[in-house]
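Below: the structure, in structure tokens.
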Amino acid sequence: MLTITSKGFRELAASLKFAAANTGTPIQEVFEDMGPKIVNMLQRSLAPHKHTGELSDSVTWEYKSHARELHVGTGLPRKQFNALSLLERGTGPIPAVPFAPIARWAEFRGIPARPVWMSIKQKGVIAHPVREPLIISSELTSLLAAGAKQMGNKILLKALIPSGGKR
């Protein structure tokens with residue numbers, strides 16, 4: 001006679017529930033591995049828009065353990081705005097835009113400054129999305145899928161072997 005019960009499944013489900021509720025370390029380990037990689041991806045996305053490198057160099061990551069979240073971005077200010085948001089969203093006309101920073105940028109690009117300056121004064125700066133292309137990139141998708149798999153494996157290991165496989 002063959003007897004199949006659900007007792008083992010109930011125990012496994014209880015262990016998984018406990019492990020999922022206590023996953024701070026496995027999640028943190030995976031996010032801390034992913035953080036610098038995503039920073040590198042965002043910096044590469046910013047490369048075509050480089051002027052001084054200040055924006056790209058300001059990209060950082062932070063793991064918030066209380067929320068179990070990974071934050072990647074930059075807090076580089078431009079007056080009262082975030083520099084990355086300005087690059088991504090563009091602006092409307094900026095009638096009082098100073099000439100000197102535009103001239104430095106234009107010189108870096110090898111183009112005349114006055115027409116650029118006038119265009120910004122009258123039309124604003126066009127948007128240059130960098131996050132959206134990164135978000136839909138296969139590189140980031142693959143990294144996130146691998147991270148999710150690694151988290152799942154760590155949680156499963158924690159459920160099956162409460163010591164996490166360490167003796």
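Numbering starts fresh at 1 for the residues of each chain in the structure tokens, the chains themselves are lettered A, B, ... in the order given, and ligands are numbered from 1 as they appear.
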
- Message: Report as a PyMOL selection string all protein, DNA and RNA residues lying within 12 Å of Arg78 (chain A), evaluated on only C-alpha atoms, omitting residues in the same chain fewer than 3 positions from it.
- Response: chain A and resi 54-55+74-75+81-87+101

Convert the current residue selection to file output with N, CA and C atoms, as a PDB file, in the first residue's frame.
```pdb
ATOM      1  N   GLU A  54      30.184  64.863 -13.758  1.00  0.00           N
ATOM      2  CA  GLU A  54      29.676  65.063 -12.409  1.00  0.00           C
ATOM      3  C   GLU A  54      28.388  64.279 -12.164  1.00  0.00           C
ATOM      4  N   LEU A  55      27.479  64.276 -13.124  1.00  0.00           N
ATOM      5  CA  LEU A  55      26.213  63.559 -12.965  1.00  0.00           C
ATOM      6  C   LEU A  55      26.468  62.060 -12.875  1.00  0.00           C
ATOM      7  N   THR A  74      20.708  59.492  -8.250  1.00  0.00           N
ATOM      8  CA  THR A  74      21.617  60.582  -7.950  1.00  0.00           C
ATOM      9  C   THR A  74      20.839  61.693  -7.281  1.00  0.00           C
ATOM     10  N   GLY A  75      21.469  62.358  -6.380  1.00  0.00           N
ATOM     11  CA  GLY A  75      20.844  63.504  -5.730  1.00  0.00           C
ATOM     12  C   GLY A  75      21.522  64.794  -6.164  1.00  0.00           C
ATOM     13  N   PHE A  81      16.464  71.774  -8.554  1.00  0.00           N
ATOM     14  CA  PHE A  81      16.060  70.565  -9.252  1.00  0.00           C
ATOM     15  C   PHE A  81      17.114  69.476  -9.127  1.00  0.00           C
ATOM     16  N   ASN A  82      16.725  68.263  -9.414  1.00  0.00           N
ATOM     17  CA  ASN A  82      17.650  67.136  -9.488  1.00  0.00           C
ATOM     18  C   ASN A  82      18.192  67.074 -10.918  1.00  0.00           C
ATOM     19  N   ALA A  83      19.513  66.980 -11.057  1.00  0.00           N
ATOM     20  CA  ALA A  83      20.139  67.023 -12.390  1.00  0.00           C
ATOM     21  C   ALA A  83      19.653  65.891 -13.293  1.00  0.00           C
ATOM     22  N   LEU A  84      19.473  64.694 -12.746  1.00  0.00           N
ATOM     23  CA  LEU A  84      19.010  63.565 -13.561  1.00  0.00           C
ATOM     24  C   LEU A  84      17.579  63.808 -14.048  1.00  0.00           C
ATOM     25  N   SER A  85      16.739  64.350 -13.182  1.00  0.00           N
ATOM     26  CA  SER A  85      15.360  64.659 -13.581  1.00  0.00           C
ATOM     27  C   SER A  85      15.334  65.717 -14.680  1.00  0.00           C
ATOM     28  N   LEU A  86      16.193  66.718 -14.565  1.00  0.00           N
ATOM     29  CA  LEU A  86      16.266  67.740 -15.620  1.00  0.00           C
ATOM     30  C   LEU A  86      16.672  67.116 -16.950  1.00  0.00           C
ATOM     31  N   LEU A  87      17.670  66.244 -16.913  1.00  0.00           N
ATOM     32  CA  LEU A  87      18.129  65.586 -18.140  1.00  0.00           C
ATOM     33  C   LEU A  87      17.000  64.749 -18.735  1.00  0.00           C
ATOM     34  N   PRO A 101      27.601  78.712 -18.107  1.00  0.00           N
ATOM     35  CA  PRO A 101      27.559  77.238 -18.114  1.00  0.00           C
ATOM     36  C   PRO A 101      27.216  76.672 -19.494  1.00  0.00           C
TER      37      PRO A 101
END
```

- Task: Using DSSP on the backbone, list every residue of chain A that comes out as alpha helix (DSSP H), and give them as a PyMOL selection string.
- Result: chain A and resi 7-21+24-46+54-57+83-89+99-109+113-122+131-135+138-160

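The gap separating CA of Val130 (chain A) from CA of Gln28 (chain A) is 26.1 Å, in Å to one decimal.
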
- For His49 (chain A), which residue out of A:His128, A:Lys79, A:Arg114, A:Lys121 is the nearest one, using only C-alpha atoms?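 Answer, going by the shortest atom-to-atom distance: A:His128.
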
- Query: If we count only C-alpha atoms, what is near Ile120 (chain A) at a cut-off of 12 Å, once residues fewer than 5 positions away on the same chain are taken out, given as a ChimeraX atom specification?
  - Reply: /A:90-99,101-102,113-115,125-126

Dump C-alpha atoms for the selected residues as a PDB file, in the first residue's frame?
```pdb
ATOM      1  CA  GLY A  90      13.825  68.477 -20.149  1.00  0.00           C
ATOM      2  CA  THR A  91      12.537  71.951 -19.353  1.00  0.00           C
ATOM      3  CA  GLY A  92      10.341  74.673 -20.677  1.00  0.00           C
ATOM      4  CA  PRO A  93      11.887  77.990 -21.691  1.00  0.00           C
ATOM      5  CA  ILE A  94      14.428  79.353 -19.203  1.00  0.00           C
ATOM      6  CA  PRO A  95      14.468  83.106 -19.867  1.00  0.00           C
ATOM      7  CA  ALA A  96      17.127  83.842 -17.236  1.00  0.00           C
ATOM      8  CA  VAL A  97      19.511  80.996 -18.125  1.00  0.00           C
ATOM      9  CA  PRO A  98      23.112  82.089 -17.473  1.00  0.00           C
ATOM     10  CA  PHE A  99      25.406  82.128 -20.492  1.00  0.00           C
ATOM     11  CA  PRO A 101      27.559  77.238 -18.114  1.00  0.00           C
ATOM     12  CA  ILE A 102      26.019  76.941 -21.584  1.00  0.00           C
ATOM     13  CA  ALA A 113      27.286  78.644 -27.615  1.00  0.00           C
ATOM     14  CA  ARG A 114      25.046  81.582 -28.526  1.00  0.00           C
ATOM     15  CA  PRO A 115      22.467  79.603 -30.616  1.00  0.00           C
ATOM     16  CA  VAL A 125      16.063  71.854 -22.970  1.00  0.00           C
ATOM     17  CA  ILE A 126      14.777  68.740 -24.730  1.00  0.00           C
TER      18      ILE A 126
END
```

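Our summary of the geometry notes that CA of Ser142 (chain A) is positioned 14.2 Å from CA of Phe31 (chain A).
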
- Item | Point-to-point distance from CA of Thr60 (chain A) to CA of Ile155 (chain A), Å rounded to tenths |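 It comes out at 27.2 Å.
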
- Give me the residues within 9 Å of region 43-48 of chain A as a PyMOL selection string, counting only C-alpha atoms and dropping any in the same chain fewer than 2 places off. chain A and resi 38-41+50-51+53+55-57+59+130-131+133-134

- Task: Counting only C-alpha atoms, figure out which residue out of A:Ser65, A:Ala146, A:Thr52, A:Ser138 gets nearest to Glu107 (chain A).
- Result: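 Answer, going by the shortest atom-to-atom distance: A:Thr52.
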